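Novice: Structure in structure tokens, see below.
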Amino acid sequence: MLEKKRTVEEINEKIKKGDVQVLTALEMKKLVESSGVEVAFKEVDVVTTGTFGAMCSSGAVINLGHSDPPIKIQNAWINDVPVCHPGAAVDLYIGATLMSETRPFEYGGGHVIEDLISGKEVELRATAYGTDCYPRTQLRTTITKDDLNQFYLINFRNCYQRYVCATNSRDETIYTYMGKLLPRFGNATFSGAGELNPLMNDPDYETIGIGTRIFLGGTQGYVIGEGTQHDPKNQLGTIMVRGDCKKMNPKFIRGAAFTKYGTTLYVGIGIPIPILNIGLAKKTAVRDEDIKVPIVDYGVPVRDRPKLGVVSYKELRSGTITINGKKVKVSPLSSLKTAVEIAETLKKWIEEGLFYLTAPVERLPGDTEFKPMKQREKAFLVRDIVQKAVTCREDEEIKEVAKKIIEYSVNHVVVVNDKGELTGIVTSWDVTKAVADGKSKLSDIITRKVITARLEEPIEAAARRMVQYQISALPVIDHQRKVLGIVTSEDVTKILGR
Amino acid sequence: MVRVLLRFPEKIVNQPIIAQVLLQHRITLNIIAAHVDFHGGNVLIEVPKEHVEKAVNAFKERGVFVSFPKLIEVDKDRCLNCGACYSLCPVGAISIGEDYSISFDKEKCIGSPCGLCVDACPARVIKLTKELNLSVLSDEERGSN
């Protein structure tokens with residue numbers, strides 16, 4: 001039997017005549033389930049997809065036009081956000097993750113882009129070294145999007161096909177690009193639109209490539225190639241996109257702030273998948289239960305973070321997943337509500353003849369690899385610098401502890417129980433203070449809320465924690481809180497300060 | 001019902017104050033959240049509106065610091081409907097609807113003693129704000145939260 005096919009030209013002809021059949025990806029899945037792939041292929045010309053999530057590798061290029069006298073901008077700020085200067089004279093790139101110097105972690109490049117798209121006036125400051133042709137060295141003005149020549153979103157990495165589920169094994173809350181993660185697997189987060197994600201509905205990138213016209217931020221934009229870190233073999237494809245910000249709708253392009261991580265941009269993307277062959281009809285029927293992602297421990301800040309299991313988008317959507325036998329609530333970070341709205345909007349545009357499909361000039365590569373960084377130096381772990389800890393029991397006298405401090409020439413004595421588990425810490429300062437205050441019971445001076453480290457952590461992470469809590473040593477413990485040793489700021493400095 | 005936050009300082013934490021207030025003033029109250037140790041305690045209670053004044057005065061007389069918790073206020077127009085807040089809520093006051101929109105149940109929210117969702121919001125639309133302006137507390141006490 002010959003495989004039945006339709007072409008992009010035929011679909012565009014139908015759009016023109018007003019009899020194109022478009023379904024959103026959610027509708028397509030239901031149709032395939034109820035009537036089968038054959039019927040779905042016969043009846044449906046286009047399936048629309050959508051996603052709306054934080055996409056950090058986003059930004060906009062703007063051209064300001066020339067000032068008089070002209071300036072070749074060296075450094076520039078918009079609303080106090082330092083904006084990179086990637087080209088000559090008056091072109092700037094507003095990266096979404098660049099942060100305001102006066103309101104860091106709250107306002108950044110993503111917000112500048114949103115404000116400009118919303119029609120707000122923003123303040124521009126610039127400095128330059130001055131040349132014979134560009135004599136000006138200082139500039140201060142206000143601008144709106146109407147004052148700009150070009151204002152284009154150019155995002156290097158958007159629309160991840162799927163993404164991991166994040167959780168945290170540490171004893172403290174951590175703030176990551178995957179959101180706020182509570183201690184001891186207190187919650188989990190995930191991102192992505194699952195069965196509605198554009199690349200997930202065309203996983204072999206048969207119809208998506210350079211020149212594919214898409215929904216981008218509320219207007220029509222284009223795929224300009226594979227995104228950085230595109231990793232097709234692992235179903236982690238990404239795309240690079242471009243779109244005219246002046247025509248965008250701030251509902252689908254929003255600045256955002258992740259506490260203690262930084263700022264970003266929520267980007268709305270929808271891609272129409274032309275159902276050119278029966279294989280595509282089948283692929284667009286992919287369900288959340290078929291899309292699986294690893295559960296990853298973000299509490300361990302290394303490149304290859306430990307994986308704690310595998311979970312499907314269906315389970316993630318249920319609001320609760322199981323980690324190490326415990327029920328854990330899970331938050332989506334991207335909005336499925338807006339993703340659905342994007343797929344529906346794109347469907348309407350096509351039905352109304354406002355949007356025509358394009359065949360890619362060149363398809364996305366299917367064989368690129370995402371390599372780790374080439375490094376010349378070895379990464380040091382806590383394991384490499386851990387020392388034997390000087391320990392004591394809670395019922396020892398302060399005098400005994402003072403003797404240990406002198407004998408071993410240390411500043412920290414770790415308090416353990418019979419099983420060698422961590423119960424507290426005493427410093428030489430605590431002992432000195434006890435003498436000054438006339439205290440004699442060790443239990444009165446023990447610090448019980450101890451900040452700790454793990455053997456497999458990079459020493460940078462341990463150093464960061466010492467700075468954060470203003471302390472100079474961390475007992476190293478295992479998952480049963482058994483004391484394995486201690487790392488001190490002196491030892492860390494010896495390595496990091498080389 | 002009105003939410004009231006009680007703070008028991010260390011020197012009175014070992015006294016059965018809640019029981020005394022209940023028995024003496026014959027009021028009803030519901031404990032929503034409590035954290036008590038030998039350094040003191042924080043207890044969030046819910047009191048029928050008509051008993052608020054009596055309850056507040058009775059607790060204050062016994063050396064308890066009384067305040068009204070701030071409740072969350074959400075700017076729904078600016079909400080991204082992402083759900084980043086959902087897994088942080090310990091009392092199930094945040095839910096994801098059939099149409100994937102996020103909703104907040106003010107009745108269930110325990111407000112300022114918790115506040116875990118506030119800094120998890122990428123759109124910064126969740127704020128803790130004062131709901132009540134009852135005359136039982138002085139301006140200073142209202143501002144103490």
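Chain labels A, B, ... are given in the sequence in which chains occur in the structure tokens; within each chain residues are numbered consecutively from 1, and ligands are likewise numbered from 1 in the order shown.
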Write out as a ChimeraX atom specification the residues lying within 10 Å of stretch 199-213 of chain A, counting only C-alpha atoms and excluding same-chain residues fewer than 5 positions away.
Specialist: /A:8,25,47-50,159-162,193-194,220-226,232-233,235-243,270-276,279-287,291,355-366
Novice: Just list as an mmCIF file with N, CA and C atoms, in the first residue's frame whatever in stretch 176-216 of chain A DSSP marks as helix (DSSP H, G or I).
Specialist:
```cif
data_model
loop_
_atom_site.group_PDB
_atom_site.id
_atom_site.type_symbol
_atom_site.label_atom_id
_atom_site.label_comp_id
_atom_site.auth_asym_id
_atom_site.auth_seq_id
_atom_site.Cartn_x
_atom_site.Cartn_y
_atom_site.Cartn_z
ATOM 1 N N GLY A 194 4.828 18.943 28.223
ATOM 2 C CA GLY A 194 4.540 17.518 28.033
ATOM 3 C C GLY A 194 3.957 17.230 26.665
ATOM 4 N N GLU A 195 2.757 16.647 26.644
ATOM 5 C CA GLU A 195 2.144 16.209 25.383
ATOM 6 C C GLU A 195 1.746 17.376 24.482
ATOM 7 N N LEU A 196 1.805 18.594 24.992
ATOM 8 C CA LEU A 196 1.451 19.760 24.188
ATOM 9 C C LEU A 196 2.720 20.440 23.636
ATOM 10 N N LEU A 199 8.118 20.272 20.111
ATOM 11 C CA LEU A 199 9.092 19.294 19.619
ATOM 12 C C LEU A 199 8.689 17.869 19.971
ATOM 13 N N MET A 200 7.941 17.709 21.040
ATOM 14 C CA MET A 200 7.505 16.378 21.460
ATOM 15 C C MET A 200 6.489 15.811 20.466
ATOM 16 N N ASN A 201 5.796 16.700 19.745
ATOM 17 C CA ASN A 201 4.800 16.249 18.772
ATOM 18 C C ASN A 201 5.402 16.008 17.392
#
```
Novice: Near stretch 118-132 of chain B, within 6 Å and counting only C-alpha atoms, which residues show up once chain neighbours fewer than 3 positions away are dropped, as a VMD selection string?
Specialist: (chain A and resid 180 256 to 258) or (chain B and resid 70 to 75 85 115)
Novice: Those residues with all heavy atoms, as a PDB file, in the first residue's frame please?
Specialist:
```pdb
ATOM      1  N   LYS A 180      11.907  26.993  44.028  1.00  0.00           N
ATOM      2  CA  LYS A 180      12.229  26.829  45.440  1.00  0.00           C
ATOM      3  C   LYS A 180      12.032  25.375  45.828  1.00  0.00           C
ATOM      4  O   LYS A 180      10.943  24.824  45.665  1.00  0.00           O
ATOM      5  CB  LYS A 180      11.280  27.719  46.240  1.00  0.00           C
ATOM      6  CG  LYS A 180      11.469  27.724  47.736  1.00  0.00           C
ATOM      7  CD  LYS A 180      10.552  28.767  48.348  1.00  0.00           C
ATOM      8  CE  LYS A 180      10.611  28.788  49.861  1.00  0.00           C
ATOM      9  NZ  LYS A 180       9.744  29.831  50.421  1.00  0.00           N
ATOM     10  N   ALA A 256      10.376  37.480  34.567  1.00  0.00           N
ATOM     11  CA  ALA A 256      10.113  36.738  35.797  1.00  0.00           C
ATOM     12  C   ALA A 256      11.370  36.724  36.650  1.00  0.00           C
ATOM     13  O   ALA A 256      12.472  36.978  36.160  1.00  0.00           O
ATOM     14  CB  ALA A 256       9.674  35.313  35.474  1.00  0.00           C
ATOM     15  N   ALA A 257      11.188  36.448  37.939  1.00  0.00           N
ATOM     16  CA  ALA A 257      12.320  36.429  38.865  1.00  0.00           C
ATOM     17  C   ALA A 257      12.276  35.154  39.693  1.00  0.00           C
ATOM     18  O   ALA A 257      11.248  34.832  40.288  1.00  0.00           O
ATOM     19  CB  ALA A 257      12.266  37.648  39.769  1.00  0.00           C
ATOM     20  N   PHE A 258      13.369  34.420  39.707  1.00  0.00           N
ATOM     21  CA  PHE A 258      13.475  33.247  40.559  1.00  0.00           C
ATOM     22  C   PHE A 258      14.366  33.648  41.739  1.00  0.00           C
ATOM     23  O   PHE A 258      15.540  33.986  41.545  1.00  0.00           O
ATOM     24  CB  PHE A 258      14.078  32.062  39.800  1.00  0.00           C
ATOM     25  CG  PHE A 258      13.067  31.339  38.951  1.00  0.00           C
ATOM     26  CD1 PHE A 258      12.502  31.947  37.844  1.00  0.00           C
ATOM     27  CD2 PHE A 258      12.650  30.063  39.283  1.00  0.00           C
ATOM     28  CE1 PHE A 258      11.547  31.292  37.072  1.00  0.00           C
ATOM     29  CE2 PHE A 258      11.697  29.390  38.519  1.00  0.00           C
ATOM     30  CZ  PHE A 258      11.141  30.016  37.414  1.00  0.00           C
TER      31      PHE A 258
ATOM     32  N   LYS B  70      -1.041  38.248  58.618  1.00  0.00           N
ATOM     33  CA  LYS B  70      -1.272  38.776  57.283  1.00  0.00           C
ATOM     34  C   LYS B  70      -1.711  37.601  56.410  1.00  0.00           C
ATOM     35  O   LYS B  70      -1.199  36.496  56.561  1.00  0.00           O
ATOM     36  CB  LYS B  70       0.013  39.357  56.716  1.00  0.00           C
ATOM     37  CG  LYS B  70       0.527  40.549  57.468  1.00  0.00           C
ATOM     38  CD  LYS B  70       1.874  40.919  56.904  1.00  0.00           C
ATOM     39  CE  LYS B  70       2.539  41.985  57.737  1.00  0.00           C
ATOM     40  NZ  LYS B  70       3.896  42.241  57.267  1.00  0.00           N
ATOM     41  N   LEU B  71      -2.595  37.852  55.504  1.00  0.00           N
ATOM     42  CA  LEU B  71      -3.026  36.793  54.603  1.00  0.00           C
ATOM     43  C   LEU B  71      -2.468  37.063  53.220  1.00  0.00           C
ATOM     44  O   LEU B  71      -2.107  38.190  52.899  1.00  0.00           O
ATOM     45  CB  LEU B  71      -4.553  36.729  54.555  1.00  0.00           C
ATOM     46  CG  LEU B  71      -5.221  36.364  55.874  1.00  0.00           C
ATOM     47  CD1 LEU B  71      -6.732  36.341  55.714  1.00  0.00           C
ATOM     48  CD2 LEU B  71      -4.744  35.005  56.368  1.00  0.00           C
ATOM     49  N   ILE B  72      -2.426  36.005  52.407  1.00  0.00           N
ATOM     50  CA  ILE B  72      -1.873  36.237  51.070  1.00  0.00           C
ATOM     51  C   ILE B  72      -2.879  36.981  50.197  1.00  0.00           C
ATOM     52  O   ILE B  72      -4.084  36.790  50.288  1.00  0.00           O
ATOM     53  CB  ILE B  72      -1.419  34.940  50.348  1.00  0.00           C
ATOM     54  CG1 ILE B  72      -2.551  33.917  50.270  1.00  0.00           C
ATOM     55  CG2 ILE B  72      -0.174  34.375  50.944  1.00  0.00           C
ATOM     56  CD1 ILE B  72      -2.284  32.830  49.255  1.00  0.00           C
ATOM     57  N   GLU B  73      -2.325  37.845  49.380  1.00  0.00           N
ATOM     58  CA  GLU B  73      -3.115  38.612  48.424  1.00  0.00           C
ATOM     59  C   GLU B  73      -2.471  38.314  47.074  1.00  0.00           C
ATOM     60  O   GLU B  73      -1.261  38.405  46.935  1.00  0.00           O
ATOM     61  CB  GLU B  73      -2.979  40.093  48.773  1.00  0.00           C
ATOM     62  CG  GLU B  73      -3.913  41.022  48.037  1.00  0.00           C
ATOM     63  CD  GLU B  73      -5.349  40.889  48.523  1.00  0.00           C
ATOM     64  OE1 GLU B  73      -5.582  41.031  49.744  1.00  0.00           O
ATOM     65  OE2 GLU B  73      -6.212  40.634  47.677  1.00  0.00           O
ATOM     66  N   VAL B  74      -3.272  37.902  46.110  1.00  0.00           N
ATOM     67  CA  VAL B  74      -2.712  37.528  44.810  1.00  0.00           C
ATOM     68  C   VAL B  74      -3.246  38.451  43.722  1.00  0.00           C
ATOM     69  O   VAL B  74      -4.449  38.668  43.626  1.00  0.00           O
ATOM     70  CB  VAL B  74      -3.060  36.064  44.459  1.00  0.00           C
ATOM     71  CG1 VAL B  74      -2.433  35.667  43.132  1.00  0.00           C
ATOM     72  CG2 VAL B  74      -2.606  35.125  45.561  1.00  0.00           C
ATOM     73  N   ASP B  75      -2.330  38.992  42.944  1.00  0.00           N
ATOM     74  CA  ASP B  75      -2.732  39.815  41.802  1.00  0.00           C
ATOM     75  C   ASP B  75      -3.011  38.853  40.636  1.00  0.00           C
ATOM     76  O   ASP B  75      -2.112  38.501  39.881  1.00  0.00           O
ATOM     77  CB  ASP B  75      -1.591  40.790  41.467  1.00  0.00           C
ATOM     78  CG  ASP B  75      -1.929  41.682  40.276  1.00  0.00           C
ATOM     79  OD1 ASP B  75      -2.996  41.471  39.647  1.00  0.00           O
ATOM     80  OD2 ASP B  75      -1.134  42.587  39.974  1.00  0.00           O
ATOM     81  N   CYS B  85       4.017  27.867  42.972  1.00  0.00           N
ATOM     82  CA  CYS B  85       3.645  27.985  44.384  1.00  0.00           C
ATOM     83  C   CYS B  85       2.989  26.706  44.922  1.00  0.00           C
ATOM     84  O   CYS B  85       2.978  26.463  46.129  1.00  0.00           O
ATOM     85  CB  CYS B  85       2.679  29.151  44.562  1.00  0.00           C
ATOM     86  SG  CYS B  85       1.283  29.111  43.411  1.00  0.00           S
ATOM     87  N   GLY B 115       3.827  31.670  54.715  1.00  0.00           N
ATOM     88  CA  GLY B 115       4.404  32.538  53.673  1.00  0.00           C
ATOM     89  C   GLY B 115       5.371  31.849  52.730  1.00  0.00           C
ATOM     90  O   GLY B 115       6.112  32.498  52.005  1.00  0.00           O
TER      91      GLY B 115
END
```
Novice: Could you list, as a ChimeraX atom specification, the residues of chain A having an atom within 8 Å of chain B when counting only C-alpha atoms?
Specialist: /A:53,179-180,182,187-189,255-259,319,329-338
Novice: Selected residues, all heavy atoms, written as a compact mmCIF listing (two decimals), in the first residue's frame, please.
Specialist:
```
# COMPACT_ATOMS: atom_id res chain seq x y z
N GLY A 53 6.90 28.85 29.19
CA GLY A 53 7.72 28.62 30.37
C GLY A 53 8.92 29.53 30.42
O GLY A 53 9.15 30.33 29.50
N GLY A 179 13.20 26.60 40.63
CA GLY A 179 12.32 27.09 41.67
C GLY A 179 12.80 26.78 43.07
O GLY A 179 13.95 26.36 43.29
N LYS A 180 11.91 26.99 44.03
CA LYS A 180 12.23 26.83 45.44
C LYS A 180 12.03 25.37 45.83
O LYS A 180 10.94 24.82 45.66
CB LYS A 180 11.28 27.72 46.24
CG LYS A 180 11.47 27.72 47.74
CD LYS A 180 10.55 28.77 48.35
CE LYS A 180 10.61 28.79 49.86
NZ LYS A 180 9.74 29.83 50.42
N LEU A 182 12.22 22.64 48.82
CA LEU A 182 12.22 22.51 50.28
C LEU A 182 13.18 21.39 50.72
O LEU A 182 13.50 20.50 49.92
CB LEU A 182 10.80 22.22 50.76
CG LEU A 182 9.77 23.32 50.47
CD1 LEU A 182 8.35 22.86 50.82
CD2 LEU A 182 10.11 24.60 51.23
N ASN A 187 9.43 18.91 48.44
CA ASN A 187 8.61 19.14 47.26
C ASN A 187 9.45 18.83 46.02
O ASN A 187 10.62 18.44 46.13
CB ASN A 187 8.07 20.59 47.21
CG ASN A 187 9.17 21.60 46.91
OD1 ASN A 187 10.34 21.36 47.19
ND2 ASN A 187 8.79 22.72 46.33
N ALA A 188 8.83 18.99 44.86
CA ALA A 188 9.55 18.80 43.60
C ALA A 188 8.96 19.77 42.59
O ALA A 188 7.86 20.30 42.80
CB ALA A 188 9.43 17.36 43.13
N THR A 189 9.71 20.02 41.52
CA THR A 189 9.20 20.91 40.47
C THR A 189 9.51 20.29 39.11
O THR A 189 10.41 19.45 38.99
CB THR A 189 9.87 22.29 40.53
OG1 THR A 189 11.28 22.13 40.35
CG2 THR A 189 9.61 23.01 41.85
N GLY A 255 8.53 38.94 31.86
CA GLY A 255 9.72 38.90 32.70
C GLY A 255 9.39 38.17 33.99
O GLY A 255 8.25 38.21 34.46
N ALA A 256 10.38 37.48 34.57
CA ALA A 256 10.11 36.74 35.80
C ALA A 256 11.37 36.72 36.65
O ALA A 256 12.47 36.98 36.16
CB ALA A 256 9.67 35.31 35.47
N ALA A 257 11.19 36.45 37.94
CA ALA A 257 12.32 36.43 38.87
C ALA A 257 12.28 35.15 39.69
O ALA A 257 11.25 34.83 40.29
CB ALA A 257 12.27 37.65 39.77
N PHE A 258 13.37 34.42 39.71
CA PHE A 258 13.48 33.25 40.56
C PHE A 258 14.37 33.65 41.74
O PHE A 258 15.54 33.99 41.55
CB PHE A 258 14.08 32.06 39.80
CG PHE A 258 13.07 31.34 38.95
CD1 PHE A 258 12.50 31.95 37.84
CD2 PHE A 258 12.65 30.06 39.28
CE1 PHE A 258 11.55 31.29 37.07
CE2 PHE A 258 11.70 29.39 38.52
CZ PHE A 258 11.14 30.02 37.41
N THR A 259 13.80 33.62 42.93
CA THR A 259 14.50 34.07 44.14
C THR A 259 15.90 33.44 44.24
O THR A 259 16.04 32.23 44.08
CB THR A 259 13.67 33.71 45.39
OG1 THR A 259 12.41 34.37 45.25
CG2 THR A 259 14.35 34.17 46.68
N GLY A 319 0.10 16.18 40.43
CA GLY A 319 0.35 17.02 41.60
C GLY A 319 1.15 16.34 42.69
O GLY A 319 1.65 16.98 43.61
N LYS A 329 4.67 16.58 46.94
CA LYS A 329 3.91 17.48 46.07
C LYS A 329 4.82 18.06 44.99
O LYS A 329 5.98 18.36 45.27
CB LYS A 329 3.30 18.62 46.88
CG LYS A 329 1.90 18.31 47.41
CD LYS A 329 1.40 19.41 48.29
CE LYS A 329 0.44 20.33 47.58
NZ LYS A 329 -0.15 21.34 48.46
N VAL A 330 4.29 18.21 43.81
CA VAL A 330 5.12 18.67 42.70
C VAL A 330 4.47 19.85 42.00
O VAL A 330 3.27 19.84 41.74
CB VAL A 330 5.48 17.49 41.76
CG1 VAL A 330 4.25 16.79 41.24
CG2 VAL A 330 6.33 17.96 40.58
N SER A 331 5.28 20.88 41.76
CA SER A 331 4.81 22.11 41.11
C SER A 331 5.21 22.15 39.66
O SER A 331 6.37 21.90 39.34
CB SER A 331 5.51 23.33 41.75
OG SER A 331 4.90 23.74 42.92
N PRO A 332 4.29 22.55 38.78
CA PRO A 332 4.74 22.88 37.42
C PRO A 332 5.38 24.27 37.46
O PRO A 332 4.99 25.09 38.28
CB PRO A 332 3.45 22.91 36.62
CG PRO A 332 2.34 23.04 37.60
CD PRO A 332 2.85 22.74 38.96
N LEU A 333 6.35 24.53 36.63
CA LEU A 333 6.92 25.88 36.57
C LEU A 333 6.46 26.61 35.32
O LEU A 333 6.54 27.82 35.21
CB LEU A 333 8.45 25.83 36.61
CG LEU A 333 9.07 25.26 37.88
CD1 LEU A 333 10.56 25.11 37.72
CD2 LEU A 333 8.76 26.15 39.08
N SER A 334 6.03 25.83 34.33
CA SER A 334 5.52 26.48 33.12
C SER A 334 4.00 26.35 33.12
O SER A 334 3.45 25.44 33.73
CB SER A 334 6.13 25.86 31.88
OG SER A 334 5.83 24.50 31.79
N SER A 335 3.34 27.29 32.45
CA SER A 335 1.88 27.34 32.53
C SER A 335 1.23 26.52 31.43
O SER A 335 1.32 26.86 30.25
CB SER A 335 1.41 28.78 32.44
OG SER A 335 0.01 28.80 32.31
N LEU A 336 0.56 25.45 31.83
CA LEU A 336 -0.16 24.65 30.84
C LEU A 336 -1.40 25.41 30.35
O LEU A 336 -1.80 25.28 29.19
CB LEU A 336 -0.57 23.31 31.44
CG LEU A 336 -0.96 22.25 30.41
CD1 LEU A 336 0.16 21.98 29.42
CD2 LEU A 336 -1.38 20.96 31.07
N LYS A 337 -1.96 26.23 31.23
CA LYS A 337 -3.14 27.02 30.84
C LYS A 337 -2.80 27.92 29.65
O LYS A 337 -3.52 27.96 28.65
CB LYS A 337 -3.60 27.87 32.03
CG LYS A 337 -4.87 28.64 31.77
CD LYS A 337 -5.19 29.48 33.00
CE LYS A 337 -6.06 30.67 32.69
NZ LYS A 337 -7.46 30.36 32.55
N THR A 338 -1.66 28.62 29.75
CA THR A 338 -1.26 29.50 28.65
C THR A 338 -0.82 28.70 27.43
O THR A 338 -1.06 29.10 26.30
CB THR A 338 -0.16 30.47 29.12
OG1 THR A 338 -0.61 31.08 30.34
CG2 THR A 338 0.10 31.57 28.11
```
Novice: May I ask which of the residues A:Arg254, A:Lys5, A:Lys17, A:Arg448 is the closest one to A:Gly353, counting only C-alpha atoms?
Specialist: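 Ranked by minimum distance to A:Gly353, first place goes to A:Lys17.
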Novice: Rounded to one decimal place, report the atom CA of A:Asp437-atom CA of B:His39 distance in Å.
Specialist: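 Spanning atom CA of A:Asp437 to atom CA of B:His39 is a straight-line distance of 20.1 Å.
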Novice: Pick out the residues sitting within 9 Å of B:Thr28, and hand them over as a VMD selection string; count only C-alpha atoms, and ignore anything fewer than 3 positions along from it in its own chain.
Specialist: chain B and resid 22 46 to 48 51
Novice: I'd like to know which residues of chain B are strand (DSSP E) (by DSSP, run on the backbone); could you write them as a ChimeraX atom specification?
Specialist: /B:2-9,30-37,40-47,65-67,71-74,94-96,102-104,126-129
Novice: Skipping near chain neighbours, those fewer than 5 positions away, what residues fall within 12 Å of A:Lys251 using only C-alpha atoms, listed as a ChimeraX atom specification?
Specialist: /A:52,114-115,117-118,216-219,265-268,335,338-339,341-342 /B:77-81
